[in-house]
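Novice: Just data.csv, nothing more (CSV, C-alpha atoms):
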```
chain,number,residue,atom,x,y,z
A,1,MET,CA,91.6,29.5,-25.6
A,2,LYS,CA,89.9,31.9,-28.0
A,3,LYS,CA,89.2,28.9,-30.1
A,4,THR,CA,87.4,27.2,-27.2
A,5,ILE,CA,85.3,30.4,-26.6
A,6,LEU,CA,84.4,30.6,-30.2
A,7,LEU,CA,83.5,26.9,-30.3
A,8,ILE,CA,81.2,27.3,-27.2
A,9,ALA,CA,79.7,30.4,-28.7
A,10,GLY,CA,79.0,28.6,-32.0
A,11,LEU,CA,77.5,25.7,-30.2
A,12,LEU,CA,75.3,28.0,-28.2
A,13,PHE,CA,74.1,29.7,-31.4
A,14,PHE,CA,73.4,26.4,-32.9
A,15,VAL,CA,71.4,25.2,-29.9
A,16,VAL,CA,69.4,28.5,-29.7
A,17,ILE,CA,68.6,28.5,-33.4
A,18,ASN,CA,67.5,24.8,-33.3
A,19,THR,CA,65.3,25.3,-30.3
A,20,ALA,CA,63.7,28.4,-31.8
A,21,TYR,CA,62.9,26.4,-35.0
A,22,ALA,CA,61.6,23.5,-32.9
A,23,ALA,CA,59.3,25.9,-31.0
A,24,ALA,CA,58.1,27.6,-34.2
A,25,THR,CA,57.2,24.3,-35.8
A,26,PRO,CA,53.5,23.9,-35.3
A,27,THR,CA,52.3,20.9,-33.4
A,28,PRO,CA,49.6,18.9,-35.0
A,29,ASN,CA,46.5,21.1,-34.7
A,30,PRO,CA,43.1,19.5,-34.1
A,31,THR,CA,41.5,22.2,-36.4
A,32,GLY,CA,41.0,19.7,-39.2
A,33,SER,CA,39.2,17.1,-37.0
A,34,ALA,CA,37.1,19.9,-35.4
A,35,GLN,CA,35.9,20.9,-38.9
A,36,LEU,CA,35.0,17.3,-39.7
A,37,ASN,CA,33.2,17.0,-36.4
A,38,SER,CA,31.3,20.2,-37.1
A,39,GLN,CA,30.2,19.0,-40.5
A,40,ILE,CA,29.1,15.7,-39.0
A,41,ASN,CA,27.1,17.6,-36.4
A,42,GLN,CA,25.5,19.7,-39.1
A,43,LEU,CA,24.6,16.6,-41.0
A,44,LYS,CA,23.1,15.1,-37.8
A,45,ASP,CA,21.0,18.2,-37.2
A,46,LYS,CA,19.7,18.1,-40.7
A,47,ILE,CA,18.8,14.4,-40.4
A,48,ALA,CA,17.1,15.0,-37.0
A,49,SER,CA,15.2,18.0,-38.5
A,50,GLN,CA,13.9,15.9,-41.4
A,51,VAL,CA,13.0,13.0,-39.0
A,52,SER,CA,11.1,15.4,-36.7
A,53,LYS,CA,9.2,16.8,-39.8
A,54,LEU,CA,8.2,13.3,-40.7
A,55,ASN,CA,6.9,12.8,-37.2
A,56,LEU,CA,5.2,16.2,-37.1
A,57,VAL,CA,1.7,14.8,-37.7
A,58,GLU,CA,-0.1,11.8,-36.2
A,59,LYS,CA,-3.6,10.4,-36.0
A,60,ARG,CA,-5.5,11.6,-33.0
A,61,GLY,CA,-9.0,11.4,-31.6
A,62,ILE,CA,-10.3,14.1,-29.3
A,63,ILE,CA,-13.5,14.7,-27.4
A,64,GLY,CA,-14.7,18.2,-26.5
A,65,THR,CA,-17.6,20.6,-25.9
A,66,ILE,CA,-18.1,23.1,-28.7
A,67,GLN,CA,-17.3,26.7,-27.8
A,68,SER,CA,-17.6,28.2,-31.3
A,69,VAL,CA,-18.1,27.2,-34.9
A,70,GLY,CA,-17.1,29.2,-37.9
A,71,ASN,CA,-15.0,29.6,-41.0
A,72,ASN,CA,-14.2,25.8,-41.3
A,73,GLN,CA,-12.9,25.9,-37.7
A,74,ILE,CA,-14.4,24.4,-34.5
A,75,THR,CA,-13.2,25.5,-31.1
A,76,LEU,CA,-13.6,22.9,-28.4
A,77,THR,CA,-12.9,22.5,-24.7
A,78,ASP,CA,-11.5,19.0,-24.0
A,79,PRO,CA,-12.1,17.0,-20.7
A,80,GLN,CA,-8.9,18.5,-19.3
A,81,GLY,CA,-10.3,22.0,-19.8
A,82,GLN,CA,-7.9,22.9,-22.6
A,83,THR,CA,-9.0,24.8,-25.7
A,84,ARG,CA,-8.6,22.8,-28.9
A,85,TYR,CA,-8.8,23.9,-32.5
A,86,VAL,CA,-10.3,21.6,-35.1
A,87,ASP,CA,-10.1,22.4,-38.8
A,88,VAL,CA,-12.6,20.9,-41.2
A,89,ASP,CA,-12.4,20.7,-45.0
A,90,GLU,CA,-14.5,19.3,-47.9
A,91,ILE,CA,-13.6,15.7,-47.1
A,92,THR,CA,-14.5,15.8,-43.4
A,93,LYS,CA,-17.3,13.4,-42.7
A,94,PHE,CA,-20.0,14.4,-40.1
A,95,SER,CA,-22.3,11.9,-38.4
A,96,SER,CA,-24.8,11.8,-35.6
A,97,ALA,CA,-26.8,9.0,-34.1
A,98,SER,CA,-29.9,11.2,-34.1
A,99,ASN,CA,-29.5,12.9,-37.5
A,100,THR,CA,-28.7,11.2,-40.8
A,101,THR,CA,-28.0,14.5,-42.7
A,102,PHE,CA,-25.7,15.9,-40.0
A,103,GLY,CA,-23.3,18.6,-41.2
A,104,LEU,CA,-21.1,21.5,-40.1
A,105,SER,CA,-24.1,23.8,-40.0
A,106,ASP,CA,-25.7,21.5,-37.4
A,107,LEU,CA,-22.9,22.0,-34.9
A,108,LYS,CA,-23.9,24.3,-32.0
A,109,LYS,CA,-22.2,25.7,-29.0
A,110,GLY,CA,-22.4,23.3,-26.0
A,111,MET,CA,-22.6,20.1,-28.1
A,112,LEU,CA,-20.3,17.3,-27.2
A,113,ILE,CA,-18.4,16.0,-30.2
A,114,SER,CA,-15.4,13.8,-31.1
A,115,ALA,CA,-13.0,14.7,-33.9
A,116,LEU,CA,-10.7,12.1,-35.4
A,117,GLY,CA,-8.1,13.3,-37.8
A,118,ILE,CA,-4.5,14.4,-38.4
A,119,TYR,CA,-2.9,16.3,-35.5
A,120,ASN,CA,-0.1,18.7,-36.2
A,121,LYS,CA,2.2,18.9,-33.3
A,122,GLU,CA,3.7,22.2,-34.3
A,123,SER,CA,0.4,24.1,-34.8
A,124,GLN,CA,-1.4,21.9,-32.2
A,125,ARG,CA,-4.5,21.8,-34.5
A,126,ILE,CA,-6.3,18.8,-35.7
A,127,LEU,CA,-7.5,18.5,-39.3
A,128,ALA,CA,-10.7,16.4,-38.8
A,129,ARG,CA,-11.5,13.5,-41.1
A,130,TYR,CA,-14.5,12.4,-39.0
A,131,ILE,CA,-16.7,14.4,-36.6
A,132,ASP,CA,-19.4,12.6,-34.5
A,133,THR,CA,-21.7,13.7,-31.8
A,134,GLU,CA,-20.9,12.0,-28.5
A,135,ILE,CA,-22.7,11.0,-25.3
A,136,VAL,CA,-20.3,10.4,-22.5
A,137,PRO,CA,-21.5,8.7,-19.3
A,138,THR,CA,-21.5,10.6,-16.1
A,139,ARG,CA,-19.3,9.1,-13.4
A,140,TYR,CA,-19.3,9.8,-9.7
A,141,ALA,CA,-17.1,8.4,-6.9
A,142,GLY,CA,-18.0,9.0,-3.3
A,143,GLU,CA,-20.0,7.7,-0.3
A,144,ILE,CA,-23.6,7.0,0.2
A,145,THR,CA,-25.1,9.6,2.5
A,146,GLY,CA,-28.8,8.7,2.1
A,147,ILE,CA,-30.9,5.8,0.9
A,148,ASP,CA,-34.5,6.1,-0.3
A,149,GLY,CA,-35.6,2.5,-0.4
A,150,LYS,CA,-39.1,3.4,-1.7
A,151,ASN,CA,-37.9,5.1,-4.9
A,152,TYR,CA,-34.6,3.1,-5.2
A,153,GLN,CA,-32.7,6.3,-5.0
A,154,LEU,CA,-29.4,7.1,-3.3
A,155,THR,CA,-27.8,10.4,-2.2
A,156,ILE,CA,-24.1,10.3,-2.8
A,157,MET,CA,-21.5,12.8,-1.5
A,158,THR,CA,-18.7,12.8,-4.1
A,159,THR,CA,-15.0,13.2,-3.4
A,160,GLU,CA,-15.4,16.7,-4.8
A,161,GLN,CA,-17.9,17.5,-2.0
A,162,LYS,CA,-20.8,17.5,-4.4
A,163,THR,CA,-24.2,15.9,-3.5
A,164,VAL,CA,-25.8,13.9,-6.3
A,165,LYS,CA,-29.0,11.8,-6.5
A,166,VAL,CA,-28.7,8.4,-8.2
A,167,GLU,CA,-31.5,6.1,-9.1
A,168,ILE,CA,-31.0,2.3,-9.3
A,169,ASP,CA,-33.5,0.9,-11.8
A,170,THR,CA,-34.0,-2.6,-13.2
A,171,THR,CA,-31.4,-2.2,-15.8
A,172,SER,CA,-28.7,-1.0,-13.4
A,173,THR,CA,-25.9,-3.4,-12.5
A,174,VAL,CA,-24.7,-3.3,-8.9
A,175,ASN,CA,-21.4,-5.1,-8.1
A,176,SER,CA,-19.3,-5.2,-5.0
A,177,TYR,CA,-15.5,-5.4,-4.7
A,178,THR,CA,-13.4,-6.6,-1.8
A,179,THR,CA,-9.6,-6.4,-1.7
A,180,GLY,CA,-8.0,-9.2,-3.6
A,181,GLY,CA,-11.3,-10.4,-5.0
A,182,GLU,CA,-13.4,-9.8,-8.1
A,183,LEU,CA,-16.5,-7.9,-8.9
A,184,THR,CA,-19.5,-9.8,-7.4
A,185,LYS,CA,-23.2,-9.1,-7.9
A,186,TYR,CA,-24.7,-7.0,-5.1
A,187,GLY,CA,-28.2,-6.0,-4.2
A,188,PHE,CA,-29.8,-2.6,-3.5
A,189,SER,CA,-31.1,-3.9,-0.1
A,190,LYS,CA,-27.5,-4.5,1.1
A,191,LEU,CA,-26.4,-0.9,0.6
A,192,THR,CA,-25.8,1.1,3.7
A,193,VAL,CA,-25.0,4.7,4.5
A,194,GLY,CA,-21.2,5.3,4.3
A,195,ASP,CA,-20.6,2.7,1.6
A,196,ARG,CA,-17.9,3.8,-0.8
A,197,VAL,CA,-19.2,3.6,-4.4
A,198,PHE,CA,-18.4,4.4,-8.0
A,199,VAL,CA,-21.4,5.1,-10.2
A,200,THR,CA,-21.6,5.3,-14.0
A,201,GLY,CA,-24.8,6.5,-15.5
A,202,TYR,CA,-26.7,9.0,-17.6
A,203,PRO,CA,-28.8,12.0,-16.6
A,204,ASP,CA,-32.6,11.4,-16.4
A,205,LYS,CA,-34.4,12.9,-19.4
A,206,LYS,CA,-37.0,14.6,-17.2
A,207,ASP,CA,-34.8,15.6,-14.3
A,208,ALA,CA,-31.2,16.3,-15.4
A,209,THR,CA,-30.0,16.4,-11.7
A,210,LEU,CA,-31.0,12.8,-11.3
A,211,ILE,CA,-28.5,10.2,-12.6
A,212,ILE,CA,-29.9,6.9,-13.7
A,213,ALA,CA,-27.2,4.4,-12.8
A,214,ASP,CA,-26.0,2.1,-15.6
A,215,ARG,CA,-23.4,0.4,-13.3
A,216,MET,CA,-22.4,0.8,-9.7
A,217,ILE,CA,-19.4,-0.6,-7.7
A,218,VAL,CA,-19.6,-0.9,-4.0
A,219,TYR,CA,-16.1,-1.1,-2.4
A,220,LEU,CA,-16.8,-3.1,0.7
A,221,ASP,CA,-13.5,-2.8,2.5
A,222,ALA,CA,-12.1,0.4,1.0
A,223,PRO,CA,-10.8,3.1,3.4
A,224,LYS,CA,-13.1,6.0,4.1
A,225,ASP,CA,-12.4,9.4,2.6
A,226,ALA,CA,-11.8,11.8,5.5
A,227,SER,CA,-13.0,14.7,3.4
A,228,ILE,CA,-16.5,13.3,3.2
A,229,GLN,CA,-18.4,14.1,6.3
A,230,ILE,CA,-21.7,12.2,6.7
A,231,VAL,CA,-24.1,14.2,8.8
A,232,THR,CA,-26.8,12.0,10.4
A,233,PRO,CA,-29.9,14.0,11.3
A,234,THR,CA,-30.3,14.2,15.1
A,235,PRO,CA,-33.9,13.7,16.4
A,236,ALA,CA,-35.7,16.9,17.4
A,237,ALA,CA,-35.8,17.3,21.2
A,238,THR,CA,-39.3,16.5,22.5
A,239,VAL,CA,-40.8,18.5,25.3
A,240,ALA,CA,-42.4,16.3,27.9
A,241,PRO,CA,-46.0,17.5,28.7
A,242,THR,CA,-46.6,18.6,32.2
A,243,SER,CA,-49.1,16.6,34.2
A,244,ALA,CA,-52.5,17.9,34.9
A,245,GLY,CA,-51.9,17.8,38.6
A,246,GLY,CA,-49.0,20.1,38.5
A,247,LYS,CA,-49.0,23.3,40.4
A,248,ASN,CA,-49.0,26.7,38.7
A,249,LEU,CA,-46.2,28.9,39.9
A,250,LYS,CA,-47.1,32.5,40.3
A,251,PRO,CA,-44.5,35.2,40.2
A,252,ILE,CA,-43.7,36.9,43.5
A,253,LYS,CA,-45.0,40.5,43.6
B,1,MET,CA,92.6,33.3,-17.7
B,2,LYS,CA,90.4,34.6,-14.9
B,3,ALA,CA,88.4,36.7,-17.4
B,4,GLU,CA,87.9,33.6,-19.6
B,5,LYS,CA,86.6,31.6,-16.6
B,6,VAL,CA,84.1,34.4,-15.8
B,7,ILE,CA,82.9,34.6,-19.3
B,8,LEU,CA,82.6,30.8,-19.5
B,9,SER,CA,80.6,30.8,-16.3
B,10,PHE,CA,78.2,33.4,-17.7
B,11,VAL,CA,77.9,31.5,-20.9
B,12,ALA,CA,77.1,28.3,-19.0
B,13,VAL,CA,74.5,30.0,-16.9
B,14,PHE,CA,73.0,31.5,-20.0
B,15,VAL,CA,72.9,28.1,-21.8
B,16,GLY,CA,71.3,26.6,-18.7
B,17,LEU,CA,68.6,29.2,-18.6
B,18,ILE,CA,67.9,28.8,-22.3
B,19,ALA,CA,67.7,25.1,-22.0
B,20,ALA,CA,65.4,25.3,-19.0
B,21,GLY,CA,63.2,27.8,-20.8
B,22,ILE,CA,63.0,25.6,-23.9
B,23,ALA,CA,62.2,22.6,-21.7
B,24,PHE,CA,59.4,24.5,-19.9
B,25,TYR,CA,58.0,25.8,-23.3
B,26,LEU,CA,58.0,22.3,-24.7
B,27,TYR,CA,56.3,21.0,-21.6
B,28,GLN,CA,53.5,23.6,-21.8
B,29,THR,CA,52.9,22.9,-25.5
B,30,THR,CA,52.6,19.2,-25.0
B,31,LYS,CA,49.8,19.7,-22.4
B,32,VAL,CA,46.4,18.5,-23.7
B,33,ILE,CA,43.3,20.3,-22.3
B,34,PRO,CA,40.5,17.8,-22.2
B,35,ASP,CA,37.3,18.7,-24.2
B,36,GLN,CA,34.7,19.6,-21.6
B,37,THR,CA,31.8,18.9,-24.0
B,38,LYS,CA,32.6,15.3,-24.2
B,39,PRO,CA,31.9,13.1,-21.3
B,40,SER,CA,35.0,11.8,-19.6
B,41,ALA,CA,33.5,8.5,-18.8
B,42,THR,CA,30.5,6.6,-20.0
B,43,LYS,CA,27.8,6.5,-17.4
B,44,VAL,CA,25.8,3.3,-17.2
B,45,ALA,CA,22.3,4.0,-16.0
B,46,ILE,CA,20.9,1.2,-13.9
B,47,GLN,CA,17.3,0.7,-14.7
B,48,THR,CA,15.3,-0.3,-11.7
B,49,THR,CA,11.6,-0.3,-10.9
B,50,PRO,CA,11.3,1.4,-7.5
B,51,THR,CA,8.2,1.1,-5.5
B,52,PRO,CA,6.3,4.4,-5.7
B,53,SER,CA,7.1,6.3,-2.5
B,54,GLY,CA,4.3,8.9,-2.3
B,55,THR,CA,0.9,8.2,-0.7
B,56,ASP,CA,-1.0,9.4,-3.8
B,57,VAL,CA,1.2,8.1,-6.7
B,58,PHE,CA,-1.0,7.2,-9.6
B,59,THR,CA,0.2,7.3,-13.2
B,60,VAL,CA,-1.1,5.8,-16.5
B,61,ASP,CA,1.7,5.1,-19.0
B,62,SER,CA,-0.5,3.4,-21.6
B,63,PRO,CA,-2.7,4.3,-23.4
B,64,VAL,CA,-1.5,7.8,-24.2
B,65,ASN,CA,-4.2,10.4,-24.2
B,66,GLU,CA,-6.0,10.8,-27.6
B,67,GLN,CA,-4.3,7.7,-28.9
B,68,VAL,CA,-5.9,5.9,-31.9
B,69,PHE,CA,-6.0,2.1,-32.0
B,70,ASP,CA,-6.8,-0.2,-34.9
B,71,LYS,CA,-7.5,-3.0,-32.5
B,72,LYS,CA,-10.3,-3.1,-29.9
B,73,LEU,CA,-8.3,-4.9,-27.3
B,74,ILE,CA,-5.8,-2.5,-25.7
B,75,THR,CA,-3.3,-2.8,-22.8
B,76,ILE,CA,-3.6,-0.4,-19.9
B,77,LYS,CA,-0.3,0.0,-17.9
B,78,GLY,CA,0.6,2.3,-15.0
B,79,THR,CA,1.8,2.6,-11.5
B,80,ALA,CA,0.1,3.3,-8.2
B,81,VAL,CA,1.0,3.2,-4.5
B,82,LYS,CA,0.8,-0.3,-3.1
B,83,GLY,CA,-2.6,-1.1,-1.7
B,84,ALA,CA,-4.5,1.3,-4.0
B,85,ILE,CA,-7.7,0.1,-5.6
B,86,ILE,CA,-7.8,1.1,-9.2
B,87,THR,CA,-11.1,1.2,-11.2
B,88,ILE,CA,-11.0,1.3,-15.0
B,89,SER,CA,-14.3,2.5,-16.5
B,90,THR,CA,-15.2,2.6,-20.1
B,91,ASP,CA,-18.6,3.4,-21.7
B,92,ASP,CA,-19.6,-0.2,-21.3
B,93,VAL,CA,-17.8,-2.0,-18.6
B,94,ASP,CA,-15.8,-1.5,-15.3
B,95,GLN,CA,-12.7,-3.4,-14.1
B,96,VAL,CA,-11.1,-3.2,-10.7
B,97,VAL,CA,-7.4,-4.1,-10.1
B,98,GLN,CA,-4.7,-3.7,-7.5
B,99,PRO,CA,-1.1,-2.9,-8.2
B,100,ALA,CA,1.7,-5.4,-7.6
B,101,ASP,CA,4.2,-5.0,-4.8
B,102,ASN,CA,6.4,-2.7,-7.0
B,103,GLY,CA,3.3,-0.6,-7.7
B,104,SER,CA,2.9,-1.5,-11.4
B,105,PHE,CA,-0.4,-2.7,-12.8
B,106,THR,CA,-1.3,-4.1,-16.3
B,107,LEU,CA,-4.5,-5.2,-17.7
B,108,THR,CA,-6.3,-5.6,-21.1
B,109,GLN,CA,-9.4,-3.7,-21.9
B,110,THR,CA,-11.8,-3.8,-24.9
B,111,ILE,CA,-12.6,-0.3,-26.0
B,112,PRO,CA,-15.8,0.8,-27.7
B,113,ASP,CA,-16.1,1.8,-31.3
B,114,ASN,CA,-15.1,5.4,-32.3
B,115,THR,CA,-13.9,7.8,-29.7
B,116,SER,CA,-14.6,7.4,-26.0
B,117,VAL,CA,-13.2,8.4,-22.6
B,118,ILE,CA,-11.7,5.8,-20.2
B,119,GLU,CA,-11.8,6.9,-16.6
B,120,LEU,CA,-9.1,5.5,-14.3
B,121,SER,CA,-9.5,6.2,-10.6
B,122,ALA,CA,-7.4,5.1,-7.6
B,123,ILE,CA,-8.5,4.9,-4.0
B,124,PHE,CA,-5.4,5.2,-1.9
B,125,PRO,CA,-4.8,3.5,1.4
B,126,ASP,CA,-5.4,6.8,3.2
B,127,GLY,CA,-8.9,7.1,1.7
B,128,THR,CA,-8.2,9.8,-0.8
B,129,GLN,CA,-8.9,9.4,-4.5
B,130,LYS,CA,-7.4,10.5,-7.7
B,131,LYS,CA,-8.7,10.1,-11.3
B,132,ILE,CA,-7.1,10.2,-14.7
B,133,ASP,CA,-9.0,10.4,-18.0
B,134,ARG,CA,-7.8,9.0,-21.3
B,135,THR,CA,-9.5,9.7,-24.6
B,136,VAL,CA,-9.0,6.7,-26.9
B,137,THR,CA,-10.3,5.9,-30.4
B,138,PHE,CA,-10.8,2.7,-32.1
B,139,SER,CA,-10.7,3.3,-35.9
B,140,THR,CA,-9.4,1.3,-38.9
B,141,ALA,CA,-9.9,4.2,-41.2
B,142,LYS,CA,-7.0,5.1,-43.5
B,143,PHE,CA,-6.2,8.8,-43.9
```
Starting from the file, give its structure as C-alpha cells.
Specialist:
Amino acid sequence: MKKTILLIAGLLFFVVINTAYAAATPTPNPTGSAQLNSQINQLKDKIASQVSKLNLVEKRGIIGTIQSVGNNQITLTDPQGQTRYVDVDEITKFSSASNTTFGLSDLKKGMLISALGIYNKESQRILARYIDTEIVPTRYAGEITGIDGKNYQLTIMTTEQKTVKVEIDTTSTVNSYTTGGELTKYGFSKLTVGDRVFVTGYPDKKDATLIIADRMIVYLDAPKDASIQIVTPTPAATVAPTSAGGKNLKPIK
Amino acid sequence: MKAEKVILSFVAVFVGLIAAGIAFYLYQTTKVIPDQTKPSATKVAIQTTPTPSGTDVFTVDSPVNEQVFDKKLITIKGTAVKGAIITISTDDVDQVVQPADNGSFTLTQTIPDNTSVIELSAIFPDGTQKKIDRTVTFSTAKF
C-alpha cells in the first residue's frame, strides 16, 4: 500500500512540475511584430511628411485691395474680406494698363491689384511673380424699383437692400431669361418695375454712384425676393374746392 | 486501511483542484484580446449623389478659389437645389443654367487673360439669392 501511495505522490509531483513548466513557458509574444509595425508606421509618417513638403507650395492668383505697402511686402484684403500677405522680390514683374513704368513704389493704399505667384500653404503667404492693377466689374442682383425712360436709367433695389442707379446706354447688352430657355435679346422699353435683374457694369467716371451697365439679364419668370419691398408712391390727397355758393358757417357765441 | 483511503481522497481532491487550476490558467492565456485600433470589418462606403435637401443649397466644386489655369476654357461644376437659376458672370460674358434633377450642374466657360473674378449666383425657388465668388487666373508662365 505504501508503494501505491508513493507512486501516486510521485505521479502528482510529476504532473505539478510539468504544468508549472508549461505555464512558465512563454507563449508566442506579438512584441516582435509590434516593433515591425511601429517601424513601418514611422516610415509611413516620414514618407507622408516628405510628400506634404513637396505639396507645400502651389501656383495661385489672388485679387485684393491694398491695405499697406512696405519692406517688400504688400498687405491686401481679398474679395472675401480676408487679409492676405504678398511678398515681392527682385524678379517680381509689375504692370499696369495705364502706366508702362509701373513698379512697387507706384502701389498705393486702396488700389485693386492681382498677384500671381507661389503660395506657401504653411506660411499662407504668396511670393508674387507678377503684379498687375485690376479693374473688376461691379455686379448687382435685385429688382427694378424705378424706371427713368427719359435718361435710360433704372433704380434697382439689391438683395442686400441697397438702392443703386444703373444707366443703360447704347453699348449695354440687355438679355432676358425664362426657365428652361436661353438668354434672349431684350429691350429697355419692355422693362417694368418689379423685374428681377442681374447687372454687370462699371461706375460712371463723373458720378461714381451711377453704374453704366455693360450687361443686364432680366429673369422673366424668376420668383420674387420677399426681402425686397417695392414702395409705389401714393398720389397726394387733393382737397376739393368749395363752391362759390356755399354758406359760411359762423361759430355759435 | 481507513487512513489510507482518507489520504487518497485528499490527494485525489488536491490533484483535481490542481488540474482545474491549470486548465483555467491555460484557458486564460489562450484568450486573444482584439486590437481596438484596427477595424474589425472593412466598411464599404456606398457613393451616391443625393439631391440637395436644403432650400438654399449652392456649392461650387470647381474651379477652386485662386486656381491657376493654363487653358482658357475651364469647367465649372457644382450643386444647387432643384429649380434654382444659376448665373455665371465673368468680366466679359454671362451664362445662365439650371441644375439637373439631382442638383448638379456643369458647364464650360472661357476665362479672361490674367486674374479675374467669376461671380456665381443662384436664385432659389423661394426667391432668395446666394452668391459665390471664384478668383481664377489664366497664365502659361513658368515659375
Novice: Kindly assemble as a Markdown table a list of the chain A residues that lie within 6 Å of chain B, each paired with its nearest atom pair and their distance in Å to one decimal, using all atoms listed in the file, sorted first by chain and then by ascending residue number.
Specialist:
```
| residue | atom | partner | partner_atom | distance |
| --- | --- | --- | --- | --- |
| A:Arg60 | CA | B:Glu66 | CA | 5.5 |
| A:Gly61 | CA | B:Glu66 | CA | 5.0 |
| A:Ile62 | CA | B:Glu66 | CA | 5.7 |
| A:Pro223 | CA | B:Gly127 | CA | 4.7 |
| A:Lys224 | CA | B:Gly127 | CA | 5.0 |
| A:Asp225 | CA | B:Gly127 | CA | 4.3 |
```
Novice: What separation in Å, quoted to one decimal, exists between CA of Thr75 (chain A) and CA of Val57 (chain A)?
Specialist: 19.5 Å
Novice: Tell me which of B:Ala122, B:Thr110, B:Val64, B:Thr140 sits closest to Thr79 (chain B), counting only C-alpha atoms.
Specialist: B:Ala122
Novice: Can you list, as a list in words, every protein, DNA or RNA residue that comes within 10 Å of Thr173 (chain A) when you count only C-alpha atoms, leaving out same-chain residues fewer than 3 positions away?
Specialist: Ile168, Asp169, Thr170, Lys185, Tyr186, Gly187, Phe188, Val199, Thr200, Ala213, Asp214, Arg215, Met216 and Ile217 of chain A
Novice: Taking C-alpha atoms for each residue, export the selection above as a compact mmCIF listing (two decimals), in the frame of the given file.
Specialist:
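selection12.txt written:
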```
# COMPACT_ATOMS: atom_id res chain seq x y z
CA ILE A 168 -31.00 2.30 -9.30
CA ASP A 169 -33.50 0.90 -11.80
CA THR A 170 -34.00 -2.60 -13.20
CA LYS A 185 -23.20 -9.10 -7.90
CA TYR A 186 -24.70 -7.00 -5.10
CA GLY A 187 -28.20 -6.00 -4.20
CA PHE A 188 -29.80 -2.60 -3.50
CA VAL A 199 -21.40 5.10 -10.20
CA THR A 200 -21.60 5.30 -14.00
CA ALA A 213 -27.20 4.40 -12.80
CA ASP A 214 -26.00 2.10 -15.60
CA ARG A 215 -23.40 0.40 -13.30
CA MET A 216 -22.40 0.80 -9.70
CA ILE A 217 -19.40 -0.60 -7.70
```
Novice: Which residues, written as a ChimeraX atom specification, have at least one atom at most 6 Å from Leu76 (chain A), with all atoms listed in the file counted and residues fewer than 2 positions away on the same chain left out?
Specialist: /A:64-67,83-84
Novice: Quick one: distance from CA of Thr179 (chain A) to CA of Thr145 (chain A) in Å, one decimal?
Specialist: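 According to the coordinates, CA of Thr179 (chain A) and CA of Thr145 (chain A) are separated by 22.7 Å.
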Novice: State, in Å with one decimal place, the distance from CA of Gly110 (chain A) to CA of Ser68 (chain A).
Specialist: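 If I compute the distance from CA of Gly110 (chain A) to CA of Ser68 (chain A), I get 8.7 Å.
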Novice: Pick from A:Leu191, A:Ile118, A:Leu127, A:Val197: nearest to Lys59 (chain A), with all atoms listed in the file counted?
Specialist: A:Ile118
Novice: Tell me which protein, DNA and RNA residues are within 9 Å of Ser104 (chain B), counting only C-alpha atoms, leaving out same-chain ones fewer than 2 positions away, and put them as a VMD selection string.
Specialist: chain B and resid 49 51 to 52 77 to 82 98 to 102 106
